[in-house]
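S.K.: One structure, pasted below without further comment.
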Amino acid sequence: MTFLLAITYLAFISLGLPDAMLGSAWPSMHGQLHVPVSYAGMVSMIISIGTVVSSLLSDRLTRKWGTGLVTAVSVGLTAAALLGFSVAPSFWALCLLAIPYGLGAGAVDAALNNYAAIHFKASHMSWLHCCWGLGASLGPYIMGACLTGGLTWNSGYRIVGFLQIALTAFLFASLSAWKEKNREAGKDTEGKLEAEAAETTAGPALSIKQLLGISGVKAEMTAFFFYCALEQTAGLWGASYMVMARGMSEETAAKWAALFYLGITAGRFASGFLAIKLNDKAMVRLGQMVGFTGILLVAAPFGTLSMCLGLIIVGLGCAPVYPSLMHQTPKNFGEDLSQAIVGLQMAFAYLGITLMPSLFGLIAQNVSIRWYPFYLLILLAAMAISSEELNRRAGRGRKTQFS
């Protein structure tokens, strides 16, 4: 267990490594590739679509191959895509490579999250997502070090690609440990197979319609959609709001906005300790209350310091919500259904990431960017209503409705 826990921590760092690299490299990339700045959105959209598709397929893949092999193959696919990025001769080659990038990211994300939710305590789930934050911070740092050190963006992708290749080799070497863990989980004290403890179940995979017919699943999907919409919108548009609505300089705004992600990472580290005492539902509610306080400070006319501290507090509030919602999935719906539902969660999460920040971009352009804190409040309220509906409905019965 200790060995697999360590591997899972490394894998979560690996998950975060490439996530923020495109944003940090694009100012250099778009000129070399001779495309407009806005084309970054096209690459990001392709990655997101691939992630949604592989998330929805994660249940079938994990049933067939197991978590260990899905993780190893997915990380290998992402590594190959990153190395391809480093030698891409054109923008369209970049778009083509974004397909395996997204497919690899979605499958491993869903498989690892479900495995951690079943086998590890809530504290570890928070710390694992904290490690994702470390990886997401390390990726842009590597890219920045390459650019300031006289190298090109290609070198940044190449370094991270080789790191992913090394992790892929390590994951393949550890496959026997995953299989041994699965055999142990599938036996009770008398040596008989215990259906809900086994990682791979014998029943047929359910369709999306069947999964959505289970009591509480729609509320769970909605909660994930709006949580990820909130996190992505807050981080993406925070600096622009500071500059365009509150008159802050671009350099200062960029530094303060970056602390939003530091708030998430530090908050998840602290959440790991809080989760020892508080259950998943309490952690979600605590995060929502902290996030609400932060949004009020962002909106309040108390000056620059209040606004900046508010954005950090929003990050702290976001910290426990995602891992806690994820960790309670096997408890709410059963371990035999959790992989399929986690895959669906990841798909809805990426839909929220893709659609809702873009919607606010239209609001900012055509109405006013001053709606930023009010938009965040709407997303937070929708997420809170959905999570409470989940608490009310989950566990009422797991029988699938086909109508």
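Residue numbers start at 1 in each chain; chains themselves are named A, B, ... in the order of the structure tokens; ligands are numbered from 1 in the order shown.
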Taking the DSSP secondary structure from the backbone, can you list the residues of segment 131-317 of chain A that are alpha helix (DSSP H), as a ChimeraX atom specification?
M.R.: /A:131-148,153-173,175-185,208-212,217-244,250-274,280-299,304-317
S.K.: Quick one: residues within 8 Å of Ala79 of chain A, only C-alpha atoms, excluding same-chain residues fewer than 4 positions away - as a list in words?
M.R.: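 Once the nearby chain positions are removed, what remains is Val75, Leu83, Tyr101, Val160, Gly161, Phe162, Gln164 and Ile165 of chain A.
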S.K.: Have a look at A:Ser44, A:Arg60, A:His129, A:Ala11 and name the one nearest to Gly76 of chain A; count only C-alpha atoms.
M.R.: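 Among the listed residues, the smallest separation from Gly76 of chain A belongs to A:Ala11.
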S.K.: Select from segment 290-390 of chain A every residue with an atom at most 6 Å from any atom of segment 52-58 of chain A, then for each give the shortest pair of atoms and their distance in Å to one decimal, using only C-alpha atoms, rows by chain and rising number, as a tab-separated table.
M.R.:
residue	atom	partner	partner_atom	distance
A:Gly343	CA	A:Ser55	CA	4.5
A:Leu344	CA	A:Leu56	CA	5.6
A:Met346	CA	A:Ser55	CA	5.9
A:Ala347	CA	A:Val52	CA	4.4
S.K.: Leu297 of chain A: which residues within 6 Å, counting only C-alpha atoms, same-chain residues fewer than 2 positions away excluded, as a PyMOL selection string?
M.R.: chain A and resi 294-295+299-300+306-307+310
S.K.: From the set A:Gly315, A:Gly135, A:Gly41, A:Gly104, which residue has the shortest atom-to-atom contact distance to Leu10 of chain A, counting only C-alpha atoms?
M.R.: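 When distances to Leu10 of chain A are compared using only C-alpha atoms, the smallest one comes from A:Gly135.
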S.K.: Do you know which residues are at most 12 Å from Thr152 of chain A counting only C-alpha atoms, after dropping those on the same chain fewer than 3 positions away, and could you put them as a PDB file with N, CA, C and O atoms, in the first residue's frame?
M.R.:
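Heads up, here's the output in selection04.pdb:
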ATOM      1  N   ALA A  25       3.940  29.317 -22.325  1.00  0.00           N
ATOM      2  CA  ALA A  25       4.785  29.262 -23.517  1.00  0.00           C
ATOM      3  C   ALA A  25       4.190  29.995 -24.714  1.00  0.00           C
ATOM      4  O   ALA A  25       4.926  30.383 -25.631  1.00  0.00           O
ATOM      5  N   TRP A  26       2.865  30.192 -24.728  1.00  0.00           N
ATOM      6  CA  TRP A  26       2.205  30.692 -25.922  1.00  0.00           C
ATOM      7  C   TRP A  26       2.696  32.054 -26.400  1.00  0.00           C
ATOM      8  O   TRP A  26       2.782  32.273 -27.623  1.00  0.00           O
ATOM      9  N   PRO A  27       3.020  33.002 -25.509  1.00  0.00           N
ATOM     10  CA  PRO A  27       3.554  34.280 -26.029  1.00  0.00           C
ATOM     11  C   PRO A  27       4.769  34.095 -26.936  1.00  0.00           C
ATOM     12  O   PRO A  27       4.968  34.889 -27.866  1.00  0.00           O
ATOM     13  N   SER A  28       5.574  33.070 -26.687  1.00  0.00           N
ATOM     14  CA  SER A  28       6.713  32.775 -27.567  1.00  0.00           C
ATOM     15  C   SER A  28       6.317  31.885 -28.735  1.00  0.00           C
ATOM     16  O   SER A  28       6.843  32.017 -29.846  1.00  0.00           O
ATOM     17  N   MET A  29       5.374  30.974 -28.487  1.00  0.00           N
ATOM     18  CA  MET A  29       5.013  29.978 -29.498  1.00  0.00           C
ATOM     19  C   MET A  29       4.285  30.589 -30.690  1.00  0.00           C
ATOM     20  O   MET A  29       4.561  30.259 -31.843  1.00  0.00           O
ATOM     21  N   GLN A  32       6.451  32.235 -33.390  1.00  0.00           N
ATOM     22  CA  GLN A  32       7.264  31.276 -34.134  1.00  0.00           C
ATOM     23  C   GLN A  32       6.408  30.429 -35.078  1.00  0.00           C
ATOM     24  O   GLN A  32       6.848  30.043 -36.162  1.00  0.00           O
ATOM     25  N   SER A  86       7.337  19.499 -28.781  1.00  0.00           N
ATOM     26  CA  SER A  86       8.682  20.104 -28.779  1.00  0.00           C
ATOM     27  C   SER A  86       9.305  20.170 -30.171  1.00  0.00           C
ATOM     28  O   SER A  86      10.254  20.924 -30.387  1.00  0.00           O
ATOM     29  N   VAL A  87       8.790  19.364 -31.110  1.00  0.00           N
ATOM     30  CA  VAL A  87       9.344  19.378 -32.473  1.00  0.00           C
ATOM     31  C   VAL A  87       8.282  19.737 -33.511  1.00  0.00           C
ATOM     32  O   VAL A  87       8.519  19.590 -34.707  1.00  0.00           O
ATOM     33  N   ILE A 142       9.500  25.443 -15.208  1.00  0.00           N
ATOM     34  CA  ILE A 142      10.470  24.838 -16.128  1.00  0.00           C
ATOM     35  C   ILE A 142      10.470  25.602 -17.453  1.00  0.00           C
ATOM     36  O   ILE A 142      11.534  25.913 -18.005  1.00  0.00           O
ATOM     37  N   MET A 143       9.275  25.917 -17.946  1.00  0.00           N
ATOM     38  CA  MET A 143       9.187  26.657 -19.201  1.00  0.00           C
ATOM     39  C   MET A 143       9.817  28.041 -19.061  1.00  0.00           C
ATOM     40  O   MET A 143      10.580  28.491 -19.942  1.00  0.00           O
ATOM     41  N   GLY A 144       9.530  28.730 -17.959  1.00  0.00           N
ATOM     42  CA  GLY A 144      10.108  30.054 -17.735  1.00  0.00           C
ATOM     43  C   GLY A 144      11.621  30.012 -17.621  1.00  0.00           C
ATOM     44  O   GLY A 144      12.322  30.892 -18.142  1.00  0.00           O
ATOM     45  N   ALA A 145      12.141  28.979 -16.948  1.00  0.00           N
ATOM     46  CA  ALA A 145      13.593  28.840 -16.806  1.00  0.00           C
ATOM     47  C   ALA A 145      14.251  28.628 -18.165  1.00  0.00           C
ATOM     48  O   ALA A 145      15.340  29.159 -18.435  1.00  0.00           O
ATOM     49  N   CYS A 146      13.599  27.868 -19.038  1.00  0.00           N
ATOM     50  CA  CYS A 146      14.136  27.661 -20.380  1.00  0.00           C
ATOM     51  C   CYS A 146      14.152  28.965 -21.177  1.00  0.00           C
ATOM     52  O   CYS A 146      15.143  29.301 -21.835  1.00  0.00           O
ATOM     53  N   LEU A 147      13.051  29.715 -21.108  1.00  0.00           N
ATOM     54  CA  LEU A 147      12.941  30.945 -21.895  1.00  0.00           C
ATOM     55  C   LEU A 147      13.903  32.023 -21.406  1.00  0.00           C
ATOM     56  O   LEU A 147      14.507  32.739 -22.214  1.00  0.00           O
ATOM     57  N   THR A 148      14.048  32.137 -20.083  1.00  0.00           N
ATOM     58  CA  THR A 148      14.969  33.147 -19.545  1.00  0.00           C
ATOM     59  C   THR A 148      16.420  32.700 -19.623  1.00  0.00           C
ATOM     60  O   THR A 148      17.331  33.517 -19.526  1.00  0.00           O
ATOM     61  N   GLY A 149      16.641  31.395 -19.810  1.00  0.00           N
ATOM     62  CA  GLY A 149      18.009  30.868 -19.894  1.00  0.00           C
ATOM     63  C   GLY A 149      18.547  30.795 -21.301  1.00  0.00           C
ATOM     64  O   GLY A 149      19.582  30.159 -21.538  1.00  0.00           O
ATOM     65  N   SER A 155      12.347  23.488 -25.779  1.00  0.00           N
ATOM     66  CA  SER A 155      13.135  22.829 -24.730  1.00  0.00           C
ATOM     67  C   SER A 155      12.298  22.572 -23.493  1.00  0.00           C
ATOM     68  O   SER A 155      12.440  21.537 -22.833  1.00  0.00           O
ATOM     69  N   GLY A 156      11.404  23.500 -23.166  1.00  0.00           N
ATOM     70  CA  GLY A 156      10.539  23.302 -22.005  1.00  0.00           C
ATOM     71  C   GLY A 156       9.658  22.082 -22.169  1.00  0.00           C
ATOM     72  O   GLY A 156       9.548  21.243 -21.261  1.00  0.00           O
ATOM     73  N   TYR A 157       9.033  21.962 -23.339  1.00  0.00           N
ATOM     74  CA  TYR A 157       8.200  20.783 -23.598  1.00  0.00           C
ATOM     75  C   TYR A 157       9.040  19.502 -23.637  1.00  0.00           C
ATOM     76  O   TYR A 157       8.591  18.441 -23.200  1.00  0.00           O
ATOM     77  N   ARG A 158      10.251  19.607 -24.155  1.00  0.00           N
ATOM     78  CA  ARG A 158      11.106  18.420 -24.245  1.00  0.00           C
ATOM     79  C   ARG A 158      11.481  17.921 -22.853  1.00  0.00           C
ATOM     80  O   ARG A 158      11.448  16.709 -22.583  1.00  0.00           O
ATOM     81  N   ILE A 159      11.818  18.836 -21.953  1.00  0.00           N
ATOM     82  CA  ILE A 159      12.197  18.437 -20.591  1.00  0.00           C
ATOM     83  C   ILE A 159      11.036  17.749 -19.885  1.00  0.00           C
ATOM     84  O   ILE A 159      11.192  16.670 -19.290  1.00  0.00           O
TER      85      ILE A 159
END
S.K.: As a list in words, please: the residues near Thr51 of chain A (cut-off 6 Å, only C-alpha atoms, same-chain neighbours under 3 positions excluded).
M.R.: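 Non-adjacent residues within range: Ser48, Ser54, Ser55, Gly102, Leu103, Ala105 and Gly106 of chain A.
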S.K.: So that each row is one residue of segment 303-396 of chain A with an atom at most 10 Å from segment 223-229 of chain A, can you give its shortest atom pair and the distance in Å to one decimal, using only C-alpha atoms, rows by chain and rising number, as a tab-separated table?
M.R.:
residue	atom	partner	partner_atom	distance
A:Cys318	CA	A:Tyr227	CA	7.9
A:Val321	CA	A:Tyr227	CA	7.7
A:Tyr322	CA	A:Tyr227	CA	7.4
A:Leu325	CA	A:Phe224	CA	8.0
A:Met326	CA	A:Phe224	CA	9.0
A:Leu344	CA	A:Phe224	CA	9.8
A:Gln345	CA	A:Phe224	CA	6.3
A:Met346	CA	A:Phe224	CA	7.9
A:Ala347	CA	A:Phe225	CA	8.7
A:Phe348	CA	A:Phe225	CA	5.2
A:Ala349	CA	A:Phe225	CA	4.7
A:Tyr350	CA	A:Cys228	CA	7.4
A:Leu351	CA	A:Phe225	CA	6.7
A:Gly352	CA	A:Phe225	CA	4.6
A:Ile353	CA	A:Ala229	CA	5.0
A:Thr354	CA	A:Ala229	CA	7.9
A:Leu355	CA	A:Ala229	CA	7.8
A:Met356	CA	A:Ala229	CA	5.5
A:Pro357	CA	A:Ala229	CA	6.6
A:Ser358	CA	A:Ala229	CA	9.8
A:Leu376	CA	A:Ala229	CA	8.9
A:Ile378	CA	A:Phe226	CA	9.3
A:Leu379	CA	A:Phe226	CA	5.7
A:Leu380	CA	A:Tyr227	CA	7.1
A:Ala381	CA	A:Phe226	CA	8.9
A:Ala382	CA	A:Phe226	CA	6.5
A:Met383	CA	A:Ala223	CA	4.7
A:Ala384	CA	A:Ala223	CA	7.3
A:Ile385	CA	A:Ala223	CA	8.0
A:Ser386	CA	A:Ala223	CA	5.0
A:Ser387	CA	A:Ala223	CA	5.5
A:Glu388	CA	A:Ala223	CA	9.1
A:Glu389	CA	A:Ala223	CA	9.2
A:Leu390	CA	A:Ala223	CA	8.3
S.K.: Which one is closest to Pro323 of chain A: A:Met125, A:Leu211, A:Leu262, A:Ala173? Count only C-alpha atoms.
M.R.: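 Closest residue, counting only C-alpha atoms: A:Met125.
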S.K.: So that I can check the surroundings of segment 267-274 of chain A, please list as a list in words every protein, DNA and RNA residue that reaches within 10 Å of it, counting only C-alpha atoms and ignoring chain neighbours fewer than 6 positions away.
M.R.: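 Here the answer would be Lys121, Ala122, Ser123, His124, Met125, Ser126, Trp127, Leu128, His129, Cys130, Cys131, Gly133, Tyr261, Ala282, Met283, Gly287, Ile312, Ile313, Gly315, Leu316, Gly317, Cys318, Ala319, Pro320, Val321, Tyr322, Pro323 and Ser324 of chain A.
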